[in-house]
Amino acid sequence: MSEQALLLVNLGSPASTSVADVRRYLNQFLMDPYVIDLPWPMRRLLVSLILARRPAQSAHAYASIWWPEGSPLVVISRRLQQAMAAHWPEGPVELAMRYGEPSIEGALVRLASQGIGEVVFAPLYPHFADSTTTTAVEEARRVIHEHGLSLRVRLLQPFFDQPEYLDALVASARPYLDDGFDHLLMSYHGLPERHLHKADPSGAHCLRGADCCQRAEGEVLAACYRAQCYRTSEGLAARAGLDPAKWSVSFQSRLGRAKWIEPYTEARLDELAGQGVKRLLVMCPAFVADCIETLEEIGDRAREQFLQAGGEELRLVPCLNTHEAWLPALATLCRRAPLQL
Ligand SMILES: C=CC1=C(C)c2cc3[nH]c(cc4nc(cc5[nH]c(cc1n2)c(C)c5CCC(=O)O)C(CCC(=O)O)=C4C)c(C)c3C=C
Ligand SMILES: [Fe+2]
Ligand SMILES: [Fe+2]
């Protein structure tokens with residue numbers, strides 16, 4: 001029987017913290033129509049406006065969290081790739097990034113040239129979004145079609161409610177939970193509201209009523225990023241035995257003037273400090289690897305904001321990264337991936 005490769009896929013980072021490299025990365029990322037979902041001329045205009053100032057700001061932020069070996073996201077993803085080899089006897093474990101290097105194209109072409117018959121394509125996003133999952137899958141589809149690759153591809157499904165993922169999250173948070181805290185904030189990457197409406201197959205669910213995400217089921221739940229984030233938090237809180245008054249959900253990393261999904265993390269930080277929360281724990285379950293959004297946005301900027309608002313301590317729970325509970329969990333999730341492309 002031919003080998004079955006595992007291809008781990010994450011978002012990607014700039015090649016370095018130089019303003020030029022950050023501009024190149026942001027341009028590739030933001031010009032993706034799944035990320036900024038406007039017709040090309042408007043997208044080009046908007047991205048050019050963003051690129052006037054953002055690369056310098058982001059380069060500064062990246063420089064503050066960069067490691068000697070490179071971008072934390074890429075370095076951690078490499079470590080995960082290496083660690084997964086022991087949990088994936090089926091074949092080689094490869095790594096690809098949607099933007100920048102190593103590319104999805106390079107990885108799939110290399111695997112096909114090695115005679116690999118089947119690949120488990122694993123976007124490392126627990127929650128479905130067109131700007132993450134769909135764009136990675138469509139890039140794989142393009143590469144396979146354009147290069148005429150004869151590969152069978154299994155596709156890891158969003159795993160926001162899967163016991164293996166939730167148990168690994170609880171295991172990774174356990175030492176922090178046991179240390180004592182006043183409140184646990186689960187801060188997810190945000191999304192423009194427009195993306196939710198577009199993805200909603202019923203055309204009538206998303207953001208209609210305060211509890212729409214609590215009621216989402218079936219194909220609506222499968223397409224609603226916000227509802228999936230709430231399911232993760234509810235599952236995590238239940239497993240960890242958290243008091244409902246001691247945890248909440250928020251959404252971070254807004255960009256531009258459009259309305260993004262609420263509640264916003266920045267607003268929650270002030271509210272929590274105002275309610276007398278002194279020791280705040282923050283988890284970021286939308287990311288499986290620490291990155292600029294966790295280390296800089298939460299670990300630096302959110303911490304400063306919370307302390308200024310009257311809080312005493314903000315502890316950031318690391319992402320799953322290469323946690324010992326995550327490796328077998330990820331392998332199990334990947335073995336469940338259905339044949340898709
Ligand atoms: C319209 C803009 C953006 C959408 C939509 C978006 C969705 C989205 N992103 C992630 C995961 C990550 N995003 C990261 C960085 C990042 N994201 C955006 C914009 C959008 N993201 C920007 C401009 C950046 C770059 C950093 C900055 O300038 O602020 C990262 C980290 C990358 C790194 O190198 O560390 C991740 C991971 C998800 C899960 C998501 C949809 C829900
Ligand atoms: Fe993002
Ligand atoms: Fe929804």
# chains A, B, ... in the order shown; residues from 1 in each chain; ligands from 1
$ select_by_dssp --residues "segment 30-138 of chain A" --states "alpha helix (DSSP H)" --output "PyMOL selection string"
chain A and resi 30+40-65+72-84+104-113+135-138
$ closest_atom_pairs --of "segment 66-151 of chain A" --to "segment 293-309 of chain A" --cutoff "10 Å" --atoms "only C-alpha atoms" --output "JSON lines"
{"residue": "A:Trp66", "atom": "CA", "partner": "A:Leu295", "partner_atom": "CA", "distance": 9.8}
{"residue": "A:Pro72", "atom": "CA", "partner": "A:Leu295", "partner_atom": "CA", "distance": 8.9}
{"residue": "A:Leu73", "atom": "CA", "partner": "A:Glu293", "partner_atom": "CA", "distance": 9.9}
$ residues_near_ligand --ligand "ligand 2" --cutoff "9 Å" --atoms "only C-alpha atoms and all ligand atoms" --output "PyMOL selection string"
chain A and resi 11+29+35+131-132+189-191+253-255+293
$ closest_atom_pairs --of "segment 61-170 of chain A" --to "segment 3-8 of chain A" --cutoff "10 Å" --atoms "only C-alpha atoms" --output "CSV"
residue,atom,partner,partner_atom,distance
A:Ser77,CA,A:Leu8,CA,8.2
A:Arg78,CA,A:Leu8,CA,9.5
A:Leu80,CA,A:Leu8,CA,8.8
A:Gln81,CA,A:Leu8,CA,7.2
A:Met84,CA,A:Leu6,CA,9.1
A:Ala85,CA,A:Leu6,CA,9.2
A:Trp88,CA,A:Leu6,CA,7.6
A:Pro89,CA,A:Gln4,CA,8.9
A:Glu90,CA,A:Gln4,CA,5.3
A:Gly91,CA,A:Ala5,CA,4.8
A:Pro92,CA,A:Ala5,CA,4.9
A:Val93,CA,A:Leu6,CA,4.7
A:Glu94,CA,A:Leu7,CA,4.7
A:Leu95,CA,A:Leu8,CA,4.8
A:Ala96,CA,A:Leu8,CA,6.2
A:Met97,CA,A:Leu8,CA,8.4
A:Ile104,CA,A:Leu7,CA,8.8
A:Ala107,CA,A:Leu7,CA,7.8
A:Leu108,CA,A:Leu7,CA,8.4
A:Leu111,CA,A:Ala5,CA,7.7
A:Gln114,CA,A:Glu3,CA,10.0
A:Gly115,CA,A:Glu3,CA,8.4
A:Ile116,CA,A:Glu3,CA,5.7
A:Gly117,CA,A:Glu3,CA,6.5
A:Glu118,CA,A:Gln4,CA,4.9
A:Val119,CA,A:Ala5,CA,4.7
A:Val120,CA,A:Leu6,CA,4.8
A:Phe121,CA,A:Leu7,CA,5.0
A:Ala122,CA,A:Leu8,CA,4.9
A:Pro123,CA,A:Leu8,CA,6.3
A:Leu124,CA,A:Leu8,CA,6.7
A:Arg152,CA,A:Gln4,CA,9.3
A:Val153,CA,A:Gln4,CA,9.5
A:Arg154,CA,A:Leu6,CA,9.4
A:Leu155,CA,A:Leu7,CA,9.9
A:Leu156,CA,A:Leu8,CA,9.7
$ write_last_selection --atoms "N, CA and C atoms" --output "compact mmCIF listing (two decimals), in the first residue's frame"
# COMPACT_ATOMS: atom_id res chain seq x y z
N SER A 77 5.16 25.92 13.90
CA SER A 77 4.57 24.98 12.93
C SER A 77 5.60 23.93 12.49
N ARG A 78 6.87 24.37 12.32
CA ARG A 78 7.96 23.43 11.98
C ARG A 78 8.16 22.41 13.11
N LEU A 80 5.95 21.49 15.24
CA LEU A 80 4.78 20.60 15.22
C LEU A 80 4.96 19.53 14.15
N GLN A 81 5.42 19.96 12.97
CA GLN A 81 5.66 19.01 11.88
C GLN A 81 6.63 17.92 12.34
N MET A 84 5.06 15.64 14.98
CA MET A 84 3.98 14.78 14.47
C MET A 84 4.51 13.53 13.77
N ALA A 85 5.78 13.56 13.37
CA ALA A 85 6.34 12.40 12.68
C ALA A 85 6.19 11.14 13.54
N TRP A 88 2.57 9.82 13.23
CA TRP A 88 2.01 9.60 11.89
C TRP A 88 2.88 8.58 11.14
N PRO A 89 2.74 7.29 11.51
CA PRO A 89 3.54 6.27 10.83
C PRO A 89 3.09 6.01 9.40
N GLU A 90 1.96 6.59 9.01
CA GLU A 90 1.39 6.33 7.67
C GLU A 90 2.28 6.85 6.53
N GLY A 91 3.13 7.86 6.81
CA GLY A 91 3.94 8.44 5.74
C GLY A 91 4.61 9.72 6.21
N PRO A 92 5.18 10.49 5.25
CA PRO A 92 5.88 11.73 5.64
C PRO A 92 4.91 12.79 6.16
N VAL A 93 5.43 13.67 7.03
CA VAL A 93 4.65 14.82 7.51
C VAL A 93 5.31 16.06 6.92
N GLU A 94 4.52 16.83 6.16
CA GLU A 94 5.03 18.03 5.50
C GLU A 94 4.34 19.26 6.09
N LEU A 95 4.92 20.43 5.79
CA LEU A 95 4.34 21.69 6.28
C LEU A 95 4.22 22.66 5.12
N ALA A 96 3.11 23.39 5.08
CA ALA A 96 2.96 24.44 4.06
C ALA A 96 2.23 25.63 4.67
N MET A 97 2.48 26.78 4.06
CA MET A 97 1.83 28.03 4.49
C MET A 97 0.97 28.55 3.34
N ILE A 104 2.10 25.85 -0.42
CA ILE A 104 1.24 24.68 -0.66
C ILE A 104 1.65 24.04 -1.99
N ALA A 107 4.86 21.97 -1.65
CA ALA A 107 4.67 20.75 -0.86
C ALA A 107 3.90 19.70 -1.66
N LEU A 108 2.82 20.08 -2.33
CA LEU A 108 2.02 19.08 -3.07
C LEU A 108 2.79 18.52 -4.26
N LEU A 111 5.39 16.06 -2.91
CA LEU A 111 4.79 14.79 -2.46
C LEU A 111 4.41 13.92 -3.66
N GLN A 114 7.31 12.27 -5.21
CA GLN A 114 7.86 11.17 -4.40
C GLN A 114 7.02 9.90 -4.53
N GLY A 115 5.96 9.96 -5.31
CA GLY A 115 5.12 8.78 -5.51
C GLY A 115 4.08 8.58 -4.43
N ILE A 116 3.82 9.61 -3.64
CA ILE A 116 2.79 9.52 -2.60
C ILE A 116 1.41 9.44 -3.27
N GLY A 117 0.58 8.51 -2.82
CA GLY A 117 -0.73 8.34 -3.46
C GLY A 117 -1.82 9.17 -2.80
N GLU A 118 -1.68 9.35 -1.48
CA GLU A 118 -2.77 10.01 -0.75
C GLU A 118 -2.20 11.01 0.25
N VAL A 119 -2.86 12.15 0.35
CA VAL A 119 -2.43 13.20 1.28
C VAL A 119 -3.60 13.57 2.18
N VAL A 120 -3.33 13.70 3.47
CA VAL A 120 -4.31 14.32 4.35
C VAL A 120 -3.93 15.79 4.43
N PHE A 121 -4.77 16.63 3.85
CA PHE A 121 -4.54 18.07 3.80
C PHE A 121 -5.18 18.65 5.06
N ALA A 122 -4.35 19.25 5.91
CA ALA A 122 -4.83 19.61 7.25
C ALA A 122 -4.68 21.11 7.54
N PRO A 123 -5.69 21.94 7.15
CA PRO A 123 -5.65 23.35 7.54
C PRO A 123 -5.76 23.43 9.06
N LEU A 124 -4.79 24.09 9.69
CA LEU A 124 -4.75 24.09 11.16
C LEU A 124 -5.64 25.19 11.74
N ARG A 152 -4.79 11.52 -4.23
CA ARG A 152 -6.08 11.50 -3.53
C ARG A 152 -5.91 12.40 -2.31
N VAL A 153 -6.86 13.29 -2.09
CA VAL A 153 -6.71 14.23 -0.97
C VAL A 153 -7.84 14.07 0.02
N ARG A 154 -7.47 13.80 1.25
CA ARG A 154 -8.43 13.82 2.36
C ARG A 154 -8.33 15.17 3.03
N LEU A 155 -9.43 15.67 3.53
CA LEU A 155 -9.47 17.04 4.05
C LEU A 155 -9.87 17.06 5.52
N LEU A 156 -8.95 17.51 6.36
CA LEU A 156 -9.28 17.68 7.78
C LEU A 156 -10.41 18.69 7.90
$ residues_around --residues "segment 269-273 of chain A" --least-positions-apart "2" --cutoff "12 Å" --atoms "only C-alpha atoms" --output "ChimeraX atom specification"
/A:182-187,245-252,263-267,275-282,298,301-314
$ closest_residue --among "A:Asn10, A:Asp178, A:Lys198, A:Leu149" --to "Ile76 of chain A" --atoms "only C-alpha atoms"
A:Asn10
$ residues_around --residues "Glu219 of chain A" --least-positions-apart "5" --cutoff "10 Å" --atoms "only C-alpha atoms" --output "short mmCIF file (atom, residue, chain, number, x, y, z; two decimals) with N, CA and C atoms, in the first residue's frame"
data_model
loop_
_atom_site.label_atom_id
_atom_site.label_comp_id
_atom_site.auth_asym_id
_atom_site.auth_seq_id
_atom_site.Cartn_x
_atom_site.Cartn_y
_atom_site.Cartn_z
N ASP A 200 -23.52 32.17 5.24
CA ASP A 200 -24.74 31.61 5.83
C ASP A 200 -25.62 30.94 4.76
N PRO A 201 -25.73 29.59 4.75
CA PRO A 201 -26.49 28.93 3.68
C PRO A 201 -27.99 29.17 3.79
N SER A 202 -28.46 29.50 4.98
CA SER A 202 -29.91 29.73 5.15
C SER A 202 -30.28 31.15 4.73
N CYS A 224 -20.95 28.85 10.17
CA CYS A 224 -20.91 30.06 11.01
C CYS A 224 -19.70 30.06 11.94
#
$ residues_near_ligand --ligand "ligand 3" --cutoff "10 Å" --atoms "only C-alpha atoms and all ligand atoms" --output "VMD selection string"
chain A and resid 193 196 to 197 199 to 200 204 to 217 220 to 230 261
$ write_last_selection --atoms "N, CA and C atoms" --output "JSON list (two decimals), in the first residue's frame"
[["chain", "number", "residue", "atom", "x", "y", "z"],
["A", 193, "GLU", "N", -18.41, 41.14, 9.69],
["A", 193, "GLU", "CA", -19.77, 40.57, 9.72],
["A", 193, "GLU", "C", -20.20, 40.11, 8.34],
["A", 196, "LEU", "N", -19.72, 36.53, 7.52],
["A", 196, "LEU", "CA", -20.69, 35.60, 8.12],
["A", 196, "LEU", "C", -21.95, 35.53, 7.29],
["A", 197, "HIS", "N", -22.44, 36.71, 6.88],
["A", 197, "HIS", "CA", -23.67, 36.74, 6.08],
["A", 197, "HIS", "C", -23.47, 35.98, 4.77],
["A", 199, "ALA", "N", -21.44, 33.54, 4.14],
["A", 199, "ALA", "CA", -21.26, 32.09, 4.32],
["A", 199, "ALA", "C", -22.55, 31.40, 4.76],
["A", 200, "ASP", "N", -23.52, 32.17, 5.24],
["A", 200, "ASP", "CA", -24.74, 31.61, 5.83],
["A", 200, "ASP", "C", -25.62, 30.94, 4.76],
["A", 204, "ALA", "N", -30.59, 33.48, 6.52],
["A", 204, "ALA", "CA", -31.48, 34.08, 7.53],
["A", 204, "ALA", "C", -31.03, 33.83, 8.96],
["A", 205, "HIS", "N", -29.84, 33.26, 9.13],
["A", 205, "HIS", "CA", -29.44, 32.95, 10.50],
["A", 205, "HIS", "C", -28.56, 34.04, 11.14],
["A", 206, "CYS", "N", -27.45, 34.33, 10.43],
["A", 206, "CYS", "CA", -26.36, 35.01, 11.14],
["A", 206, "CYS", "C", -26.70, 36.41, 11.59],
["A", 207, "LEU", "N", -26.43, 36.65, 12.87],
["A", 207, "LEU", "CA", -26.57, 37.97, 13.46],
["A", 207, "LEU", "C", -28.01, 38.47, 13.40],
["A", 208, "ARG", "N", -28.95, 37.53, 13.46],
["A", 208, "ARG", "CA", -30.37, 37.89, 13.60],
["A", 208, "ARG", "C", -30.78, 37.46, 15.00],
["A", 209, "GLY", "N", -30.75, 38.38, 15.92],
["A", 209, "GLY", "CA", -31.13, 38.05, 17.29],
["A", 209, "GLY", "C", -29.89, 37.74, 18.11],
["A", 210, "ALA", "N", -30.03, 38.01, 19.42],
["A", 210, "ALA", "CA", -28.87, 37.93, 20.30],
["A", 210, "ALA", "C", -28.32, 36.52, 20.42],
["A", 211, "ASP", "N", -29.19, 35.50, 20.31],
["A", 211, "ASP", "CA", -28.70, 34.14, 20.56],
["A", 211, "ASP", "C", -28.64, 33.30, 19.29],
["A", 212, "CYS", "N", -28.51, 33.95, 18.12],
["A", 212, "CYS", "CA", -28.53, 33.17, 16.86],
["A", 212, "CYS", "C", -27.42, 32.12, 16.86],
["A", 213, "CYS", "N", -26.26, 32.46, 17.39],
["A", 213, "CYS", "CA", -25.15, 31.51, 17.35],
["A", 213, "CYS", "C", -25.35, 30.35, 18.32],
["A", 214, "GLN", "N", -26.12, 30.60, 19.40],
["A", 214, "GLN", "CA", -26.41, 29.50, 20.33],
["A", 214, "GLN", "C", -27.36, 28.49, 19.68],
["A", 215, "ARG", "N", -28.19, 28.97, 18.76],
["A", 215, "ARG", "CA", -29.21, 28.10, 18.15],
["A", 215, "ARG", "C", -28.72, 27.42, 16.87],
["A", 216, "ALA", "N", -27.58, 27.80, 16.35],
["A", 216, "ALA", "CA", -27.13, 27.27, 15.05],
["A", 216, "ALA", "C", -26.90, 25.76, 15.12],
["A", 217, "GLU", "N", -27.39, 25.06, 14.10],
["A", 217, "GLU", "CA", -27.19, 23.60, 14.00],
["A", 217, "GLU", "C", -26.97, 23.25, 12.53],
["A", 220, "VAL", "N", -26.00, 25.31, 9.00],
["A", 220, "VAL", "CA", -25.80, 26.69, 9.46],
["A", 220, "VAL", "C", -24.60, 26.75, 10.41],
["A", 221, "LEU", "N", -24.56, 25.80, 11.35],
["A", 221, "LEU", "CA", -23.41, 25.74, 12.26],
["A", 221, "LEU", "C", -22.12, 25.47, 11.48],
["A", 222, "ALA", "N", -22.20, 24.62, 10.48],
["A", 222, "ALA", "CA", -21.00, 24.26, 9.70],
["A", 222, "ALA", "C", -20.40, 25.46, 8.98],
["A", 223, "ALA", "N", -21.21, 26.51, 8.77],
["A", 223, "ALA", "CA", -20.72, 27.69, 8.03],
["A", 223, "ALA", "C", -20.52, 28.91, 8.91],
["A", 224, "CYS", "N", -20.95, 28.85, 10.17],
["A", 224, "CYS", "CA", -20.91, 30.06, 11.01],
["A", 224, "CYS", "C", -19.70, 30.06, 11.94],
["A", 225, "TYR", "N", -18.70, 30.85, 11.57],
["A", 225, "TYR", "CA", -17.48, 30.96, 12.37],
["A", 225, "TYR", "C", -17.79, 31.35, 13.81],
["A", 226, "ARG", "N", -18.69, 32.34, 13.96],
["A", 226, "ARG", "CA", -18.97, 32.85, 15.31],
["A", 226, "ARG", "C", -19.64, 31.77, 16.18],
["A", 227, "ALA", "N", -20.60, 31.06, 15.58],
["A", 227, "ALA", "CA", -21.28, 29.99, 16.34],
["A", 227, "ALA", "C", -20.27, 28.91, 16.74],
["A", 228, "GLN", "N", -19.35, 28.60, 15.83],
["A", 228, "GLN", "CA", -18.35, 27.57, 16.13],
["A", 228, "GLN", "C", -17.44, 28.00, 17.28],
["A", 229, "CYS", "N", -17.11, 29.29, 17.33],
["A", 229, "CYS", "CA", -16.27, 29.79, 18.44],
["A", 229, "CYS", "C", -17.00, 29.61, 19.77],
["A", 230, "TYR", "N", -18.31, 29.94, 19.77],
["A", 230, "TYR", "CA", -19.07, 29.76, 21.01],
["A", 230, "TYR", "C", -19.13, 28.28, 21.41],
["A", 261, "ILE", "N", -17.35, 41.04, 13.89],
["A", 261, "ILE", "CA", -18.21, 40.37, 14.86],
["A", 261, "ILE", "C", -17.85, 40.80, 16.28]]
$ closest_residue --among "A:Leu51, A:Ala173, A:Leu242, A:Leu330" --to "ligand 1" --atoms "only C-alpha atoms and all ligand atoms"
A:Leu51
$ atom_distance --atom1 "atom CA of Asp37 of chain A" --atom2 "atom 1 (C, counted along the ligand's line) of ligand 1"
8.2 Å
$ select_by_dssp --residues "segment 113-214 of chain A" --states "strand (DSSP E)" --output "VMD selection string"
chain A and resid 118 to 123 152 to 155 183 to 189
$ write_last_selection --atoms "N, CA and C atoms" --output "tab-separated table (two decimals), in the first residue's frame"
chain	number	residue	atom	x	y	z
A	118	GLU	N	-1.68	9.35	-1.48
A	118	GLU	CA	-2.77	10.01	-0.75
A	118	GLU	C	-2.20	11.01	0.25
A	119	VAL	N	-2.86	12.15	0.35
A	119	VAL	CA	-2.43	13.20	1.28
A	119	VAL	C	-3.60	13.57	2.18
A	120	VAL	N	-3.33	13.70	3.47
A	120	VAL	CA	-4.31	14.32	4.35
A	120	VAL	C	-3.93	15.79	4.43
A	121	PHE	N	-4.77	16.63	3.85
A	121	PHE	CA	-4.54	18.07	3.80
A	121	PHE	C	-5.18	18.65	5.06
A	122	ALA	N	-4.35	19.25	5.91
A	122	ALA	CA	-4.83	19.61	7.25
A	122	ALA	C	-4.68	21.11	7.54
A	123	PRO	N	-5.69	21.94	7.15
A	123	PRO	CA	-5.65	23.35	7.54
A	123	PRO	C	-5.76	23.43	9.06
A	152	ARG	N	-4.79	11.52	-4.23
A	152	ARG	CA	-6.08	11.50	-3.53
A	152	ARG	C	-5.91	12.40	-2.31
A	153	VAL	N	-6.86	13.29	-2.09
A	153	VAL	CA	-6.71	14.23	-0.97
A	153	VAL	C	-7.84	14.07	0.02
A	154	ARG	N	-7.47	13.80	1.25
A	154	ARG	CA	-8.43	13.82	2.36
A	154	ARG	C	-8.33	15.17	3.03
A	155	LEU	N	-9.43	15.67	3.53
A	155	LEU	CA	-9.47	17.04	4.05
A	155	LEU	C	-9.87	17.06	5.52
A	183	HIS	N	-11.19	35.61	36.05
A	183	HIS	CA	-12.01	35.46	34.85
A	183	HIS	C	-11.15	34.89	33.72
A	184	LEU	N	-11.77	34.03	32.88
A	184	LEU	CA	-11.09	33.51	31.69
A	184	LEU	C	-11.76	34.12	30.47
A	185	LEU	N	-10.99	34.88	29.68
A	185	LEU	CA	-11.49	35.44	28.44
A	185	LEU	C	-10.98	34.59	27.28
A	186	MET	N	-11.93	34.08	26.47
A	186	MET	CA	-11.51	33.33	25.29
A	186	MET	C	-11.62	34.28	24.11
A	187	SER	N	-10.47	34.71	23.62
A	187	SER	CA	-10.41	35.73	22.58
A	187	SER	C	-10.08	35.08	21.24
A	188	TYR	N	-11.02	35.16	20.31
A	188	TYR	CA	-10.87	34.55	18.98
A	188	TYR	C	-10.53	35.61	17.95
A	189	HIS	N	-9.84	35.20	16.88
A	189	HIS	CA	-9.63	36.13	15.76
A	189	HIS	C	-11.01	36.59	15.28
$ closest_residue --among "A:Leu316, A:Ala286, A:Ala86, A:Ala331" --to "Phe128 of chain A" --atoms "only C-alpha atoms"
A:Ala286
$ atom_distance --atom1 "atom 22 (C, counted along the ligand's line) of ligand 1" --atom2 "atom CA of Pro41 of chain A"
19.9 Å
